[in-house]
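K.L.:
What follows is final37.cif, mmCIF, C-alpha atoms.
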data_coords
loop_
_atom_site.group_PDB
_atom_site.id
_atom_site.type_symbol
_atom_site.label_atom_id
_atom_site.label_comp_id
_atom_site.auth_asym_id
_atom_site.auth_seq_id
_atom_site.Cartn_x
_atom_site.Cartn_y
_atom_site.Cartn_z
ATOM 1 C CA MET N 207 96.563 138.628 121.380
ATOM 2 C CA SER N 208 99.114 136.765 123.465
ATOM 3 C CA ILE N 209 98.852 133.174 124.695
ATOM 4 C CA PRO N 210 101.379 131.810 127.217
ATOM 5 C CA ILE N 211 101.999 128.061 127.036
ATOM 6 C CA GLU N 212 103.933 126.278 129.783
ATOM 7 C CA ILE N 213 106.301 123.544 128.645
ATOM 8 C CA THR N 214 106.652 121.435 131.796
ATOM 9 C CA GLN N 215 109.056 118.729 132.885
ATOM 10 C CA HIS N 216 106.349 116.210 131.980
ATOM 11 C CA HIS N 217 106.329 117.518 128.387
ATOM 12 C CA ILE N 218 110.130 117.305 128.300
ATOM 13 C CA ASP N 219 110.068 113.740 129.643
ATOM 14 C CA THR N 220 107.388 112.544 127.210
ATOM 15 C CA GLY N 221 108.439 114.530 124.129
ATOM 16 C CA LYS N 222 110.264 112.722 121.344
ATOM 17 C CA VAL N 223 113.642 113.930 120.133
ATOM 18 C CA MET N 224 113.828 114.860 116.418
ATOM 19 C CA ASP N 225 110.045 114.571 116.001
ATOM 20 C CA ALA N 226 108.458 117.875 114.956
ATOM 21 C CA PHE N 227 104.973 116.544 115.712
ATOM 22 C CA ASN N 228 105.738 115.094 119.166
ATOM 23 C CA CYS N 229 108.652 117.089 120.615
ATOM 24 C CA ALA N 230 108.285 118.609 124.085
ATOM 25 C CA ILE N 231 106.916 121.894 122.706
ATOM 26 C CA ALA N 232 104.394 120.097 120.456
ATOM 27 C CA VAL N 233 103.255 117.940 123.394
ATOM 28 C CA GLY N 234 102.679 121.068 125.493
ATOM 29 C CA LEU N 235 100.837 122.838 122.691
ATOM 30 C CA LYS N 236 98.592 119.811 122.104
ATOM 31 C CA GLN N 237 97.200 120.290 125.617
ATOM 32 C CA GLU N 238 95.962 123.737 124.574
ATOM 33 C CA PHE N 239 95.001 123.295 120.911
ATOM 34 C CA ALA N 240 92.961 120.605 119.160
ATOM 35 C CA TYR N 241 94.822 120.917 115.853
ATOM 36 C CA GLU N 242 97.735 119.262 114.098
ATOM 37 C CA ILE N 243 100.904 120.812 115.512
ATOM 38 C CA SER N 244 104.487 120.797 114.292
ATOM 39 C CA VAL N 245 107.548 122.576 115.595
ATOM 40 C CA THR N 246 110.530 123.639 113.481
ATOM 41 C CA SER N 247 111.672 127.193 112.799
ATOM 42 C CA MET N 248 107.931 127.726 112.502
ATOM 43 C CA ILE N 249 105.375 126.517 114.992
ATOM 44 C CA VAL N 250 102.377 125.378 112.979
ATOM 45 C CA ILE N 251 99.050 125.089 114.750
ATOM 46 C CA GLY N 252 96.345 123.918 112.396
ATOM 47 C CA LYS N 253 96.314 126.368 109.494
ATOM 48 C CA ASP N 254 98.350 129.121 111.180
ATOM 49 C CA ALA N 255 102.107 129.479 111.527
ATOM 50 C CA TYR N 256 104.094 131.335 114.177
ATOM 51 C CA ARG N 257 107.715 132.277 113.544
ATOM 52 C CA ALA N 258 109.872 130.722 116.297
ATOM 53 C CA MET N 259 112.182 133.343 117.756
ATOM 54 C CA PRO N 260 115.881 132.427 118.217
ATOM 55 C CA GLU N 261 115.510 131.511 121.906
ATOM 56 C CA VAL N 262 112.768 128.992 121.031
ATOM 57 C CA VAL N 263 114.869 127.535 118.212
ATOM 58 C CA ARG N 264 117.864 127.190 120.585
ATOM 59 C CA TRP N 265 115.717 125.474 123.238
ATOM 60 C CA PHE N 266 114.263 122.845 120.913
ATOM 61 C CA GLY N 267 117.670 122.452 119.226
ATOM 62 C CA ASP N 268 119.137 121.540 122.620
ATOM 63 C CA PHE N 269 116.180 119.208 123.236
ATOM 64 C CA ASP N 270 116.723 117.487 119.867
ATOM 65 C CA ARG N 271 120.432 117.050 120.603
ATOM 66 C CA GLY N 272 119.659 115.355 123.919
ATOM 67 C CA ARG N 273 121.068 118.233 125.964
ATOM 68 C CA PRO N 274 119.400 119.006 129.291
ATOM 69 C CA VAL N 275 116.623 121.602 129.028
ATOM 70 C CA LYS N 276 114.488 123.205 131.707
ATOM 71 C CA PRO N 277 110.767 123.922 131.645
ATOM 72 C CA ILE N 278 109.886 127.174 129.899
ATOM 73 C CA THR N 279 106.891 129.288 129.034
ATOM 74 C CA ILE N 280 106.402 130.067 125.378
ATOM 75 C CA GLU N 281 104.282 133.014 124.373
ATOM 76 C CA LEU N 282 102.396 132.968 121.079
ATOM 77 C CA VAL N 283 101.825 136.549 119.960
ATOM 78 C CA SER N 284 99.273 136.860 117.175
ATOM 79 C CA SER N 285 99.168 139.455 114.447
ATOM 80 C CA ASP N 286 96.711 139.936 111.594
ATOM 81 C CA CYS N 287 98.154 137.006 109.601
ATOM 82 C CA ASP N 288 99.792 139.473 107.230
ATOM 83 C CA MET N 289 103.407 138.441 107.879
ATOM 84 C CA GLY N 290 103.676 136.400 104.694
ATOM 85 C CA THR N 291 103.178 132.689 104.164
ATOM 86 C CA TYR N 292 104.945 129.484 105.106
ATOM 87 C CA ARG N 293 104.968 126.515 102.740
ATOM 88 C CA ARG N 294 105.464 123.084 104.249
ATOM 89 C CA LYS N 295 106.815 120.449 101.885
ATOM 90 C CA GLY N 296 104.006 119.002 99.794
ATOM 91 C CA ARG N 297 101.306 121.211 101.323
ATOM 92 C CA GLU N 298 99.523 124.428 100.553
ATOM 93 C CA PRO N 299 101.030 127.652 101.928
ATOM 94 C CA ILE N 300 99.624 128.844 105.250
ATOM 95 C CA PRO N 301 99.661 132.361 106.721
ATOM 96 C CA ILE N 302 102.245 133.427 109.258
ATOM 97 C CA CYS N 303 100.107 134.842 112.058
ATOM 98 C CA GLY N 304 102.617 135.841 114.697
ATOM 99 C CA GLU N 305 105.691 134.915 116.652
ATOM 100 C CA ALA N 306 106.573 132.423 119.392
ATOM 101 C CA SER N 307 109.054 133.569 122.011
ATOM 102 C CA VAL N 308 110.242 132.497 125.446
ATOM 103 C CA VAL N 309 108.747 134.475 128.316
ATOM 104 C CA ASP N 310 111.462 135.799 130.612
ATOM 105 C CA SER N 311 111.302 134.154 134.014
#
Show me the file's structure as structure tokens.
P.N.:
Amino acid sequence: MSIPIEITQHHIDTGKVMDAFNCAIAVGLKQEFAYEISVTSMIVIGKDAYRAMPEVVRWFGDFDRGRPVKPITIELVSSDCDMGTYRRKGREPIPICGEASVVDS
């Protein structure tokens, strides 16, 4: 399954730099999902994790450094949650259920 998520200029303008729970990508994802969301090298949505591909990591790295970024579409591609687990500090491990990449425009 594949889910495209648009990260708009509004998300960029309202997202908080260096805040994994409220960055531009997290703000955009919160419009689609009613779960706790965090964005690092993994995008965590509720109890599932998606490995952020290098182009996603570069985009939010630029955002966190205050560099100009443009709106993008991120695609969450699900697998059978058999890609291993991701352990967030102080929390139980959660399954890695896919990858997040930037859709070519």
K.L.:
For the atom pair atom CA of N:Ile300 and atom CA of N:Thr246, what is the interatomic distance in Å to one decimal place?
P.N.:
14.6 Å
K.L.:
Restricting the calculation to only C-alpha atoms: of N:Val263, N:Asp310, N:Thr279, N:Ile211, which residue gets closest to N:Met248?
P.N.:
N:Val263
K.L.:
For N:Tyr256, which residue out of N:Cys229, N:Val283, N:Ile218, N:Val275 is the nearest one, using all atoms listed in the file?
P.N.:
N:Val283
K.L.:
Rank nothing, just name the residue among N:Pro274, N:Pro260, N:Ile209, N:Lys253 nearest to N:Arg293, using only C-alpha atoms.
P.N.:
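Of the candidates, the smallest distance to N:Arg293 is held by N:Lys253.
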K.L.:
Between N:Leu282, N:Lys295, N:Ser208, N:Lys276, which has the minimum distance to N:Ala255 (counting all atoms listed in the file)?
P.N.:
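Result for the nearest residue to N:Ala255: N:Leu282.
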K.L.:
Report as a PyMOL selection string all protein, DNA and RNA residues lying within 9 Å of N:Asp286, evaluated on all atoms listed in the file, omitting residues in the same chain fewer than 5 positions from it.
P.N.:
chain N and resi 302-304
K.L.:
Would you work out the distance separating atom CA of N:Ile280 from atom CA of N:Pro299, expressed in Å to one decimal?
P.N.:
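Distance reported for this atom pair: 24.2 Å.
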K.L.:
For a quick check of understanding, using all atoms listed in the file, which of N:Asp219, N:Glu281, N:Asp270, N:Asp288 has the smallest distance to N:Ile249?
P.N.:
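When distances to N:Ile249 are compared using all atoms listed in the file, the smallest one comes from N:Glu281.
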K.L.:
Run the PyMOL selection byres ((chain N and resi 213) around 10) against the file shown and list the residues it catches, as a ChimeraX atom specification.
P.N.:
/N:210-212,214-218,230-235,276-280
K.L.:
With C-alpha atoms kept, could you save the residues just selected as a PDB file, keeping the file's coordinate frame?
P.N.:
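Writing done, so here's out03.pdb:
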ATOM      1  CA  PRO N 210     101.379 131.810 127.217  1.00  0.00           C
ATOM      2  CA  ILE N 211     101.999 128.061 127.036  1.00  0.00           C
ATOM      3  CA  GLU N 212     103.933 126.278 129.783  1.00  0.00           C
ATOM      4  CA  THR N 214     106.652 121.435 131.796  1.00  0.00           C
ATOM      5  CA  GLN N 215     109.056 118.729 132.885  1.00  0.00           C
ATOM      6  CA  HIS N 216     106.349 116.210 131.980  1.00  0.00           C
ATOM      7  CA  HIS N 217     106.329 117.518 128.387  1.00  0.00           C
ATOM      8  CA  ILE N 218     110.130 117.305 128.300  1.00  0.00           C
ATOM      9  CA  ALA N 230     108.285 118.609 124.085  1.00  0.00           C
ATOM     10  CA  ILE N 231     106.916 121.894 122.706  1.00  0.00           C
ATOM     11  CA  ALA N 232     104.394 120.097 120.456  1.00  0.00           C
ATOM     12  CA  VAL N 233     103.255 117.940 123.394  1.00  0.00           C
ATOM     13  CA  GLY N 234     102.679 121.068 125.493  1.00  0.00           C
ATOM     14  CA  LEU N 235     100.837 122.838 122.691  1.00  0.00           C
ATOM     15  CA  LYS N 276     114.488 123.205 131.707  1.00  0.00           C
ATOM     16  CA  PRO N 277     110.767 123.922 131.645  1.00  0.00           C
ATOM     17  CA  ILE N 278     109.886 127.174 129.899  1.00  0.00           C
ATOM     18  CA  THR N 279     106.891 129.288 129.034  1.00  0.00           C
ATOM     19  CA  ILE N 280     106.402 130.067 125.378  1.00  0.00           C
TER      20      ILE N 280
END
K.L.:
What is the distance between atom CA of N:Ser247 and atom CA of N:Met207, in Å to one decimal?
P.N.:
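Pair atom CA of N:Ser247 / atom CA of N:Met207 returns 20.8 Å.
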K.L.:
Enclose stretch 274-286 of chain N, meaning all of its atoms listed in the file, in a box aligned along x, y and z, pad it by 5 Å on each side, and list the centre and edge lengths in Å to one decimal, as JSON.
P.N.:
{"center_x": 108.1, "center_y": 129.5, "center_z": 121.7, "size_x": 32.7, "size_y": 30.9, "size_z": 30.1}
K.L.:
Counting all atoms listed in the file, which of N:Ile243, N:Ile251, N:Ala226, N:Val308 gets nearest to N:Trp265?
P.N.:
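Under the stated criterion, the closest residue is N:Val308.
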K.L.:
Specify as a PyMOL selection string each residue included when the PyMOL selection byres ((chain N and resi 242) around 8) is applied to this file.
P.N.:
chain N and resi 227+240-241+243-244+250-252
K.L.:
Extract stretch 256-289 of chain N from the coordinates I pasted, and write it as a PDB file, in the first residue's frame (atoms kept: N, CA and C atoms).
P.N.:
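Listing of result_22.pdb after writing:
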ATOM      1  N   TYR N 256       8.350   4.026   9.784  1.00  0.00           N
ATOM      2  CA  TYR N 256       8.701   4.004   8.369  1.00  0.00           C
ATOM      3  C   TYR N 256      10.107   4.568   8.239  1.00  0.00           C
ATOM      4  N   ARG N 257      10.992   3.830   7.610  1.00  0.00           N
ATOM      5  CA  ARG N 257      12.364   4.278   7.413  1.00  0.00           C
ATOM      6  C   ARG N 257      12.364   5.461   6.440  1.00  0.00           C
ATOM      7  N   ALA N 258      12.914   6.593   6.874  1.00  0.00           N
ATOM      8  CA  ALA N 258      12.993   7.782   6.009  1.00  0.00           C
ATOM      9  C   ALA N 258      14.143   7.592   5.029  1.00  0.00           C
ATOM     10  N   MET N 259      13.844   7.665   3.756  1.00  0.00           N
ATOM     11  CA  MET N 259      14.860   7.536   2.725  1.00  0.00           C
ATOM     12  C   MET N 259      15.743   8.790   2.709  1.00  0.00           C
ATOM     13  N   PRO N 260      16.941   8.704   2.134  1.00  0.00           N
ATOM     14  CA  PRO N 260      17.895   9.828   2.202  1.00  0.00           C
ATOM     15  C   PRO N 260      17.340  11.176   1.744  1.00  0.00           C
ATOM     16  N   GLU N 261      16.479  11.194   0.728  1.00  0.00           N
ATOM     17  CA  GLU N 261      15.948  12.471   0.251  1.00  0.00           C
ATOM     18  C   GLU N 261      15.015  13.107   1.283  1.00  0.00           C
ATOM     19  N   VAL N 262      14.316  12.298   2.070  1.00  0.00           N
ATOM     20  CA  VAL N 262      13.470  12.817   3.143  1.00  0.00           C
ATOM     21  C   VAL N 262      14.337  13.366   4.267  1.00  0.00           C
ATOM     22  N   VAL N 263      15.375  12.616   4.626  1.00  0.00           N
ATOM     23  CA  VAL N 263      16.303  13.048   5.674  1.00  0.00           C
ATOM     24  C   VAL N 263      16.967  14.368   5.286  1.00  0.00           C
ATOM     25  N   ARG N 264      17.404  14.492   4.021  1.00  0.00           N
ATOM     26  CA  ARG N 264      18.011  15.754   3.557  1.00  0.00           C
ATOM     27  C   ARG N 264      17.022  16.911   3.652  1.00  0.00           C
ATOM     28  N   TRP N 265      15.774  16.687   3.249  1.00  0.00           N
ATOM     29  CA  TRP N 265      14.762  17.743   3.262  1.00  0.00           C
ATOM     30  C   TRP N 265      14.538  18.233   4.679  1.00  0.00           C
ATOM     31  N   PHE N 266      14.286  17.316   5.638  1.00  0.00           N
ATOM     32  CA  PHE N 266      14.017  17.814   6.987  1.00  0.00           C
ATOM     33  C   PHE N 266      15.290  18.294   7.658  1.00  0.00           C
ATOM     34  N   GLY N 267      16.461  17.826   7.216  1.00  0.00           N
ATOM     35  CA  GLY N 267      17.725  18.388   7.718  1.00  0.00           C
ATOM     36  C   GLY N 267      17.867  19.842   7.297  1.00  0.00           C
ATOM     37  N   ASP N 268      17.531  20.137   6.046  1.00  0.00           N
ATOM     38  CA  ASP N 268      17.560  21.533   5.577  1.00  0.00           C
ATOM     39  C   ASP N 268      16.540  22.366   6.351  1.00  0.00           C
ATOM     40  N   PHE N 269      15.347  21.813   6.559  1.00  0.00           N
ATOM     41  CA  PHE N 269      14.314  22.514   7.325  1.00  0.00           C
ATOM     42  C   PHE N 269      14.829  22.838   8.724  1.00  0.00           C
ATOM     43  N   ASP N 270      15.419  21.851   9.393  1.00  0.00           N
ATOM     44  CA  ASP N 270      15.921  22.054  10.761  1.00  0.00           C
ATOM     45  C   ASP N 270      17.072  23.051  10.833  1.00  0.00           C
ATOM     46  N   ARG N 271      17.813  23.196   9.757  1.00  0.00           N
ATOM     47  CA  ARG N 271      18.921  24.154   9.723  1.00  0.00           C
ATOM     48  C   ARG N 271      18.476  25.553   9.287  1.00  0.00           C
ATOM     49  N   GLY N 272      17.180  25.712   9.043  1.00  0.00           N
ATOM     50  CA  GLY N 272      16.653  27.010   8.642  1.00  0.00           C
ATOM     51  C   GLY N 272      16.905  27.346   7.182  1.00  0.00           C
ATOM     52  N   ARG N 273      17.302  26.359   6.399  1.00  0.00           N
ATOM     53  CA  ARG N 273      17.505  26.579   4.963  1.00  0.00           C
ATOM     54  C   ARG N 273      16.152  26.581   4.260  1.00  0.00           C
ATOM     55  N   PRO N 274      16.051  27.281   3.140  1.00  0.00           N
ATOM     56  CA  PRO N 274      14.764  27.300   2.430  1.00  0.00           C
ATOM     57  C   PRO N 274      14.432  25.910   1.872  1.00  0.00           C
ATOM     58  N   VAL N 275      13.207  25.486   2.062  1.00  0.00           N
ATOM     59  CA  VAL N 275      12.716  24.225   1.494  1.00  0.00           C
ATOM     60  C   VAL N 275      11.423  24.497   0.753  1.00  0.00           C
ATOM     61  N   LYS N 276      11.147  23.660  -0.231  1.00  0.00           N
ATOM     62  CA  LYS N 276       9.929  23.795  -1.026  1.00  0.00           C
ATOM     63  C   LYS N 276       8.949  22.700  -0.636  1.00  0.00           C
ATOM     64  N   PRO N 277       7.669  22.925  -0.901  1.00  0.00           N
ATOM     65  CA  PRO N 277       6.686  21.870  -0.652  1.00  0.00           C
ATOM     66  C   PRO N 277       7.064  20.585  -1.400  1.00  0.00           C
ATOM     67  N   ILE N 278       6.743  19.472  -0.786  1.00  0.00           N
ATOM     68  CA  ILE N 278       7.042  18.161  -1.372  1.00  0.00           C
ATOM     69  C   ILE N 278       5.872  17.229  -1.122  1.00  0.00           C
ATOM     70  N   THR N 279       5.895  16.102  -1.800  1.00  0.00           N
ATOM     71  CA  THR N 279       4.973  15.016  -1.509  1.00  0.00           C
ATOM     72  C   THR N 279       5.799  13.840  -1.032  1.00  0.00           C
ATOM     73  N   ILE N 280       5.445  13.340   0.134  1.00  0.00           N
ATOM     74  CA  ILE N 280       6.108  12.178   0.696  1.00  0.00           C
ATOM     75  C   ILE N 280       5.186  10.986   0.497  1.00  0.00           C
ATOM     76  N   GLU N 281       5.774   9.878   0.113  1.00  0.00           N
ATOM     77  CA  GLU N 281       5.003   8.662  -0.084  1.00  0.00           C
ATOM     78  C   GLU N 281       5.393   7.649   0.989  1.00  0.00           C
ATOM     79  N   LEU N 282       4.405   7.187   1.735  1.00  0.00           N
ATOM     80  CA  LEU N 282       4.615   6.124   2.712  1.00  0.00           C
ATOM     81  C   LEU N 282       4.266   4.815   2.018  1.00  0.00           C
ATOM     82  N   VAL N 283       5.254   3.936   1.905  1.00  0.00           N
ATOM     83  CA  VAL N 283       5.045   2.645   1.258  1.00  0.00           C
ATOM     84  C   VAL N 283       5.115   1.575   2.335  1.00  0.00           C
ATOM     85  N   SER N 284       4.000   0.895   2.543  1.00  0.00           N
ATOM     86  CA  SER N 284       3.899  -0.109   3.597  1.00  0.00           C
ATOM     87  C   SER N 284       4.373  -1.466   3.122  1.00  0.00           C
ATOM     88  N   SER N 285       4.929  -2.212   4.080  1.00  0.00           N
ATOM     89  CA  SER N 285       5.261  -3.612   3.849  1.00  0.00           C
ATOM     90  C   SER N 285       4.511  -4.425   4.901  1.00  0.00           C
ATOM     91  N   ASP N 286       4.933  -5.627   5.132  1.00  0.00           N
ATOM     92  CA  ASP N 286       4.251  -6.494   6.102  1.00  0.00           C
ATOM     93  C   ASP N 286       4.788  -6.330   7.520  1.00  0.00           C
ATOM     94  N   CYS N 287       5.403  -5.210   7.832  1.00  0.00           N
ATOM     95  CA  CYS N 287       5.953  -4.951   9.163  1.00  0.00           C
ATOM     96  C   CYS N 287       6.970  -6.006   9.565  1.00  0.00           C
ATOM     97  N   ASP N 288       7.719  -6.508   8.587  1.00  0.00           N
ATOM     98  CA  ASP N 288       8.732  -7.517   8.866  1.00  0.00           C
ATOM     99  C   ASP N 288      10.143  -6.994   8.563  1.00  0.00           C
ATOM    100  N   MET N 289      10.311  -5.685   8.636  1.00  0.00           N
ATOM    101  CA  MET N 289      11.599  -5.064   8.305  1.00  0.00           C
ATOM    102  C   MET N 289      12.447  -4.825   9.553  1.00  0.00           C
TER     103      MET N 289
END
